[in-house]
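The structure appears right after this line, and notes come after that.
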Amino acid sequence: MKFPLNMVAALGALVLGTVEFVGELGIFAISGVSHVFRPPYYPRLIWRSLMEIGFYSLPVVALTALFTGMVLALQSYTGFSRFNAESAIASIVVLSVTRELGPVLAGLMVSGRAGAAMAAELGTMRVTDQIDALSTLSTDPMKYLVAPRLLAGVIAMPLLVCIADILGVMGGFLVSTEKLGFTPGTYLISTFSHLKTEDVVSGLIKAAVFGFIISLMGCFNGYRSKGGAQGVGAATTSAVVTASILILALDYILTQVLFVK
Amino acid sequence: MTQPKIRIRGLKKAFGDKKVLDGIDLDVMPGTGMVVIGGSGSGKSVLIKSIIGLVTPDSGVIEIDGEDVLKASRGRAHELRAQIGMLFQNGALFDSLPVWENVTFGLLAQKKIRRSAARDKAIEVLAQVGLADNVAALSPSELSGGMQKRVALARAIASEPAIMFFDEPTTGLDPIMGAVIDELITDCVKRLGSTSVAITHDMASAQRIGDRAAMLYEGRVCWTGAAEELLTSTDPVVDQFTHGRAHGPIKMALRR
């Protein structure tokens, strides 16, 4: 093939590939969500996924939130002390954490932990015929494998972000009172004086959406993986990368929708 | 004339340009064992996957008990396929579950037994494939290849399916363990009175577990006959395949 035709062909293949991917993902998502609402339900598996996504991610998310709150206080002090605006530090910390950093950083951490594990587990089940075996044993793999994880993702992430919010504020509090010379009372008062319910709620909405995305990309990439160990590796990478990008992109869109009136 | 348990007519499936199944016709009579042989990539797995519904064929007819599963409603097709038990090539045991839950998985899914009774049922089925009750609590990864195959067989027969599929049941086992598995398979099939379809490359195994045999070549059934005739067939394609000759009519296909 001649050079320009080559380029057109490559572009065409890319476009077709993208359209196919998006279409498959859409069908997968709709099917997965519809199975969440139709019996039989698997409470045992939902519980297992909740533990996997929520409970076992707690240490990572907690540490991330704590250090983020600490560094936020430190950084904003450096900036704000230059024009005597130290009193804004508490608000900066609490608003950044609840509205933005809590959900986004928790999302990225959980995607790296639980999303990758999901893709690897489902991918291995795919390449060892375990997913096919499920269908021969009167069990719908979408219902058995995907629906519990989607549901668990949507439930677990907001709970994690609640904890992340508290620990983030605590990190800021610790640095401000121990290192920057704030009195605990003043810091707490200015923390809560500017905080509105919608700041927290919007963060939790984001968290639920991110939880869905993490589970969806983990399951989708694992479910369609093929070709042995290499395929499972590629599925895992793709699960984390696509989930992370979608989290960051959706974060912008959700912020636009939730805050900009 | 009795109705075939499974009747396949003109089954076609292509992946891209590659025609994997190009008009398969096959009858499996009730209570008999059919062995399907054929080279790697001749579409044996796709054939079985089409029957159990993991692959959707492009065209053709697959009848189970005289009903076309491809035209039946989703629920009805599901019911028809629920009577099929399958032994996968590498066992495909669920490694997240202990052996007893693997064995009773289908029964629990169909709500045929209660969870509290599942363990005892599993031990009972495991005994039928010659495994002791202490295996029930183990995880599949703790078992040897031969034991995994037995557990997989136990899982396939637990719901006493009317139709059993075996995908290369002896592949990856030593000859003695292969013979043991074959014996278990024939025992189970006979006891349950099931109709069976087995895919294999192993001629000794084919003759042990099959009554009838069919050879797939270039997406079609090129030969059918009694399983005992496999090694004595004068058909050049069958002769070359069963005797493992490097030269003959199949060579052309491999080179392409």
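Chain identifiers are assigned as A, B, and so on, following the order in which chains appear in the structure tokens; residues are numbered from 1 within each chain, and ligands are numbered from 1 in order of appearance.
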Sorted by chain and rising residue number, which residues of chain B lie within 10 Å of chain A, and what are their closest atom pairs and distances in Å to one decimal, counting only C-alpha atoms, as a tab-separated table?
```
residue	atom	partner	partner_atom	distance
B:Lys49	CA	A:Asp132	CA	9.0
B:Ile52	CA	A:Thr136	CA	7.1
B:Gly53	CA	A:Ser135	CA	8.6
B:Leu54	CA	A:Asp132	CA	7.0
B:His78	CA	A:Ser138	CA	8.1
B:Glu79	CA	A:Ser138	CA	9.1
B:Arg81	CA	A:Thr136	CA	7.9
B:Ala82	CA	A:Ser138	CA	6.3
B:Gln83	CA	A:Thr136	CA	9.3
B:Ile84	CA	A:Thr136	CA	7.2
B:Gly85	CA	A:Thr136	CA	6.7
B:Met86	CA	A:Thr136	CA	6.6
B:Leu87	CA	A:Ala133	CA	8.5
B:Phe88	CA	A:Asp129	CA	7.5
B:Gln89	CA	A:Asp129	CA	8.7
B:Asn90	CA	A:Thr128	CA	7.3
B:Gly91	CA	A:Asp129	CA	8.3
B:Ala92	CA	A:Gln130	CA	4.8
B:Leu93	CA	A:Gln130	CA	6.4
B:Phe94	CA	A:Gln130	CA	6.2
B:Asp95	CA	A:Met125	CA	8.7
B:Ser96	CA	A:Glu121	CA	9.5
B:Thr104	CA	A:Leu137	CA	9.6
B:Phe105	CA	A:Leu137	CA	6.9
B:Gly106	CA	A:Leu137	CA	4.5
B:Leu107	CA	A:Leu137	CA	8.1
B:Leu108	CA	A:Leu137	CA	9.4
B:Ala109	CA	A:Ser138	CA	6.2
B:Gln110	CA	A:Ser138	CA	6.6
B:Arg155	CA	A:Leu137	CA	8.9
B:Ala156	CA	A:Leu137	CA	8.3
B:Ser159	CA	A:Leu137	CA	9.0
```
How about saving the chosen residues, C-alpha atoms kept, as a PDB file, in the first residue's frame?
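The new file selection.pdb reads:
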```pdb
ATOM      1  CA  LYS B  49     -19.173 -24.245  22.283  1.00  0.00           C
ATOM      2  CA  ILE B  52     -23.654 -25.208  24.789  1.00  0.00           C
ATOM      3  CA  GLY B  53     -24.248 -21.614  23.737  1.00  0.00           C
ATOM      4  CA  LEU B  54     -20.845 -20.036  24.319  1.00  0.00           C
ATOM      5  CA  HIS B  78     -31.451 -22.093  28.624  1.00  0.00           C
ATOM      6  CA  GLU B  79     -33.654 -24.963  29.825  1.00  0.00           C
ATOM      7  CA  ARG B  81     -28.903 -26.439  27.661  1.00  0.00           C
ATOM      8  CA  ALA B  82     -29.318 -26.903  31.403  1.00  0.00           C
ATOM      9  CA  GLN B  83     -29.306 -30.659  30.788  1.00  0.00           C
ATOM     10  CA  ILE B  84     -25.747 -30.488  29.439  1.00  0.00           C
ATOM     11  CA  GLY B  85     -22.768 -31.131  31.707  1.00  0.00           C
ATOM     12  CA  MET B  86     -19.319 -30.207  30.498  1.00  0.00           C
ATOM     13  CA  LEU B  87     -15.825 -31.347  31.427  1.00  0.00           C
ATOM     14  CA  PHE B  88     -13.359 -28.674  30.326  1.00  0.00           C
ATOM     15  CA  GLN B  89      -9.937 -29.460  28.965  1.00  0.00           C
ATOM     16  CA  ASN B  90      -8.028 -28.051  31.906  1.00  0.00           C
ATOM     17  CA  GLY B  91     -10.750 -28.669  34.422  1.00  0.00           C
ATOM     18  CA  ALA B  92     -11.661 -24.980  34.726  1.00  0.00           C
ATOM     19  CA  LEU B  93     -12.278 -25.422  38.446  1.00  0.00           C
ATOM     20  CA  PHE B  94     -13.147 -22.240  40.352  1.00  0.00           C
ATOM     21  CA  ASP B  95      -9.962 -21.595  42.289  1.00  0.00           C
ATOM     22  CA  SER B  96     -11.669 -19.183  44.670  1.00  0.00           C
ATOM     23  CA  THR B 104     -22.064 -28.743  43.993  1.00  0.00           C
ATOM     24  CA  PHE B 105     -21.903 -25.408  42.164  1.00  0.00           C
ATOM     25  CA  GLY B 106     -24.461 -26.332  39.511  1.00  0.00           C
ATOM     26  CA  LEU B 107     -26.834 -27.897  42.034  1.00  0.00           C
ATOM     27  CA  LEU B 108     -26.660 -24.821  44.254  1.00  0.00           C
ATOM     28  CA  ALA B 109     -27.171 -22.528  41.262  1.00  0.00           C
ATOM     29  CA  GLN B 110     -30.253 -24.484  40.204  1.00  0.00           C
ATOM     30  CA  ARG B 155     -18.688 -31.235  39.070  1.00  0.00           C
ATOM     31  CA  ALA B 156     -19.939 -32.140  35.597  1.00  0.00           C
ATOM     32  CA  SER B 159     -26.453 -32.585  38.510  1.00  0.00           C
TER      33      SER B 159
END
```
Quiz item: Could you pull the residues within 10 Å of Tyr41 (chain A), counting only C-alpha atoms, minus those fewer than 3 positions along the same chain, as a list of chain:residue names?
Solution: A:His35, A:Val36, A:Phe37, A:Arg38, A:Arg44, A:Leu45, A:Ile46, A:Lys143, A:Tyr144, A:Ala147, A:Pro148
Practice problem: Write out as JSON, numbers by chain all residues of region 81-254 of chain B that DSSP puts in strand (DSSP E) for this structure's backbone. | Solution: {"B": [84, 85, 86, 87, 163, 164, 165, 166, 167, 195, 196, 197, 198, 199, 212, 213, 214, 215, 216, 217, 220, 221, 222, 223, 224, 225, 226]}
Could you write out that same residue set with C-alpha atoms as a PDB file, in the first residue's frame?
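Final file, part.pdb:
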```
ATOM      1  CA  ILE B  84     -25.747 -30.488  29.439  1.00  0.00           C
ATOM      2  CA  GLY B  85     -22.768 -31.131  31.707  1.00  0.00           C
ATOM      3  CA  MET B  86     -19.319 -30.207  30.498  1.00  0.00           C
ATOM      4  CA  LEU B  87     -15.825 -31.347  31.427  1.00  0.00           C
ATOM      5  CA  ILE B 163     -25.934 -34.902  27.954  1.00  0.00           C
ATOM      6  CA  MET B 164     -22.237 -34.836  28.793  1.00  0.00           C
ATOM      7  CA  PHE B 165     -19.493 -33.079  26.856  1.00  0.00           C
ATOM      8  CA  PHE B 166     -15.845 -33.928  27.344  1.00  0.00           C
ATOM      9  CA  ASP B 167     -13.198 -31.612  25.910  1.00  0.00           C
ATOM     10  CA  THR B 195     -25.661 -39.157  25.873  1.00  0.00           C
ATOM     11  CA  SER B 196     -22.060 -38.061  25.531  1.00  0.00           C
ATOM     12  CA  VAL B 197     -19.925 -36.147  23.090  1.00  0.00           C
ATOM     13  CA  ALA B 198     -16.153 -36.195  23.527  1.00  0.00           C
ATOM     14  CA  ILE B 199     -13.450 -34.303  21.690  1.00  0.00           C
ATOM     15  CA  ARG B 212     -19.562 -43.750  17.345  1.00  0.00           C
ATOM     16  CA  ALA B 213     -16.918 -41.464  15.926  1.00  0.00           C
ATOM     17  CA  ALA B 214     -16.917 -38.481  13.594  1.00  0.00           C
ATOM     18  CA  MET B 215     -13.940 -36.824  11.958  1.00  0.00           C
ATOM     19  CA  LEU B 216     -13.903 -33.066  11.354  1.00  0.00           C
ATOM     20  CA  TYR B 217     -11.867 -31.795   8.460  1.00  0.00           C
ATOM     21  CA  ARG B 220     -17.155 -30.415   7.823  1.00  0.00           C
ATOM     22  CA  VAL B 221     -17.767 -33.919   9.091  1.00  0.00           C
ATOM     23  CA  CYS B 222     -15.757 -35.920   6.573  1.00  0.00           C
ATOM     24  CA  TRP B 223     -16.327 -39.356   8.083  1.00  0.00           C
ATOM     25  CA  THR B 224     -18.580 -41.051  10.605  1.00  0.00           C
ATOM     26  CA  GLY B 225     -18.514 -44.641  11.737  1.00  0.00           C
ATOM     27  CA  ALA B 226     -18.229 -46.932  14.711  1.00  0.00           C
TER      28      ALA B 226
END
```
Quiz item: At what distance in Å, to one decimal, does CA of Glu183 (chain B) lie from CA of Leu26 (chain B)?
Solution: 25.3 Å
Quiz item: So which bits of region 15-216 of chain A end up alpha helix (DSSP H) when you DSSP the backbone, as an NGL selection string?
Solution: :A and (15-37 or 43-53 or 58-80 or 89-96 or 102-110 or 116-127 or 130-136 or 141 or 147-178 or 184-193 or 197-216)
Practice problem: For region 223-233 of chain A, list every protein, DNA or RNA residue within 6 Å, evaluated using only C-alpha atoms, and leave out those in the same chain fewer than 4 positions away; present the list as a PyMOL selection string. | Solution: chain A and resi 120+122-123+127+219
Practice problem: For Ala119 (chain A), please output as a ChimeraX atom specification all residues within 6 Å (counting only C-alpha atoms; exclusion window: fewer than 6 positions along the same chain). | Solution: /A:218-219,221-222,236
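Taking CA of Ala90 (chain A) and CA of Phe182 (chain A) as the two end points, the separation is 9.9 Å.
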Exercise. For each of B:Asn134, B:Ser116, B:Ser205, B:Ser42, take the minimum atom-to-atom distance to Gly178 (chain B), counting only C-alpha atoms, then give the residue where this is smallest.
Key: B:Ser205
Exercise. Pick out the residues sitting within 10 Å of Glu52 (chain A), and hand them over as a list of chain:residue names; count only C-alpha atoms, and ignore anything fewer than 5 positions along from it in its own chain.
Key: A:Ile46, A:Trp47, A:Ser57, A:Leu58, A:Val110, A:Arg113, A:Ala114, A:Gly115, A:Ala117, A:Met118, A:Arg149, A:Ala152, A:Gly153, A:Ala156
Quiz item: Excluding same-chain residues fewer than 4 positions from Leu150 (chain A), what lies within 8 Å of it counting only C-alpha atoms, as a PyMOL selection string?
Solution: chain A and resi 32-33+36+146+154+211-212+215-216
Exercise. Pick out the residues sitting within 12 Å of Ser59 (chain B), and hand them over as a PyMOL selection string; count only C-alpha atoms, and ignore anything fewer than 6 positions along from it in its own chain.
Key: chain B and resi 8-14+21-24+50+68+70-71
May I have the residues from that selection written out with N, CA and C atoms, as a PDB file, in the first residue's frame?
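Result went into again.pdb, see below:
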```pdb
ATOM      1  N   ILE B   8     -27.575 -31.932  14.409  1.00  0.00           N
ATOM      2  CA  ILE B   8     -26.971 -30.700  13.890  1.00  0.00           C
ATOM      3  C   ILE B   8     -27.024 -30.738  12.368  1.00  0.00           C
ATOM      4  N   ARG B   9     -27.476 -29.663  11.778  1.00  0.00           N
ATOM      5  CA  ARG B   9     -27.565 -29.585  10.322  1.00  0.00           C
ATOM      6  C   ARG B   9     -27.009 -28.255   9.817  1.00  0.00           C
ATOM      7  N   GLY B  10     -26.097 -28.357   8.864  1.00  0.00           N
ATOM      8  CA  GLY B  10     -25.586 -27.171   8.156  1.00  0.00           C
ATOM      9  C   GLY B  10     -25.040 -26.083   9.067  1.00  0.00           C
ATOM     10  N   LEU B  11     -24.361 -26.482  10.145  1.00  0.00           N
ATOM     11  CA  LEU B  11     -23.878 -25.495  11.109  1.00  0.00           C
ATOM     12  C   LEU B  11     -22.661 -24.764  10.556  1.00  0.00           C
ATOM     13  N   LYS B  12     -22.755 -23.436  10.516  1.00  0.00           N
ATOM     14  CA  LYS B  12     -21.655 -22.641   9.992  1.00  0.00           C
ATOM     15  C   LYS B  12     -21.240 -21.573  10.977  1.00  0.00           C
ATOM     16  N   LYS B  13     -19.932 -21.360  11.061  1.00  0.00           N
ATOM     17  CA  LYS B  13     -19.415 -20.271  11.877  1.00  0.00           C
ATOM     18  C   LYS B  13     -18.091 -19.817  11.282  1.00  0.00           C
ATOM     19  N   ALA B  14     -17.978 -18.527  11.070  1.00  0.00           N
ATOM     20  CA  ALA B  14     -16.726 -17.975  10.562  1.00  0.00           C
ATOM     21  C   ALA B  14     -16.250 -16.894  11.515  1.00  0.00           C
ATOM     22  N   LEU B  21     -16.422 -23.540  10.981  1.00  0.00           N
ATOM     23  CA  LEU B  21     -17.404 -24.587  10.713  1.00  0.00           C
ATOM     24  C   LEU B  21     -18.056 -24.244   9.380  1.00  0.00           C
ATOM     25  N   ASP B  22     -18.077 -25.218   8.481  1.00  0.00           N
ATOM     26  CA  ASP B  22     -18.560 -24.918   7.131  1.00  0.00           C
ATOM     27  C   ASP B  22     -19.637 -25.922   6.743  1.00  0.00           C
ATOM     28  N   GLY B  23     -20.686 -25.987   7.545  1.00  0.00           N
ATOM     29  CA  GLY B  23     -21.771 -26.899   7.219  1.00  0.00           C
ATOM     30  C   GLY B  23     -21.616 -28.251   7.896  1.00  0.00           C
ATOM     31  N   ILE B  24     -21.680 -28.251   9.228  1.00  0.00           N
ATOM     32  CA  ILE B  24     -21.547 -29.501   9.994  1.00  0.00           C
ATOM     33  C   ILE B  24     -22.908 -30.208  10.051  1.00  0.00           C
ATOM     34  N   SER B  50     -20.681 -24.075  20.362  1.00  0.00           N
ATOM     35  CA  SER B  50     -21.931 -23.662  19.728  1.00  0.00           C
ATOM     36  C   SER B  50     -23.103 -24.388  20.367  1.00  0.00           C
ATOM     37  N   ASP B  68     -35.032 -26.808  18.157  1.00  0.00           N
ATOM     38  CA  ASP B  68     -33.900 -26.009  17.697  1.00  0.00           C
ATOM     39  C   ASP B  68     -33.550 -24.957  18.757  1.00  0.00           C
ATOM     40  N   LEU B  70     -31.312 -22.742  18.616  1.00  0.00           N
ATOM     41  CA  LEU B  70     -30.958 -21.440  18.055  1.00  0.00           C
ATOM     42  C   LEU B  70     -32.206 -20.607  17.777  1.00  0.00           C
ATOM     43  N   LYS B  71     -33.361 -21.293  17.570  1.00  0.00           N
ATOM     44  CA  LYS B  71     -34.598 -20.558  17.299  1.00  0.00           C
ATOM     45  C   LYS B  71     -35.464 -20.418  18.544  1.00  0.00           C
TER      46      LYS B  71
END
```
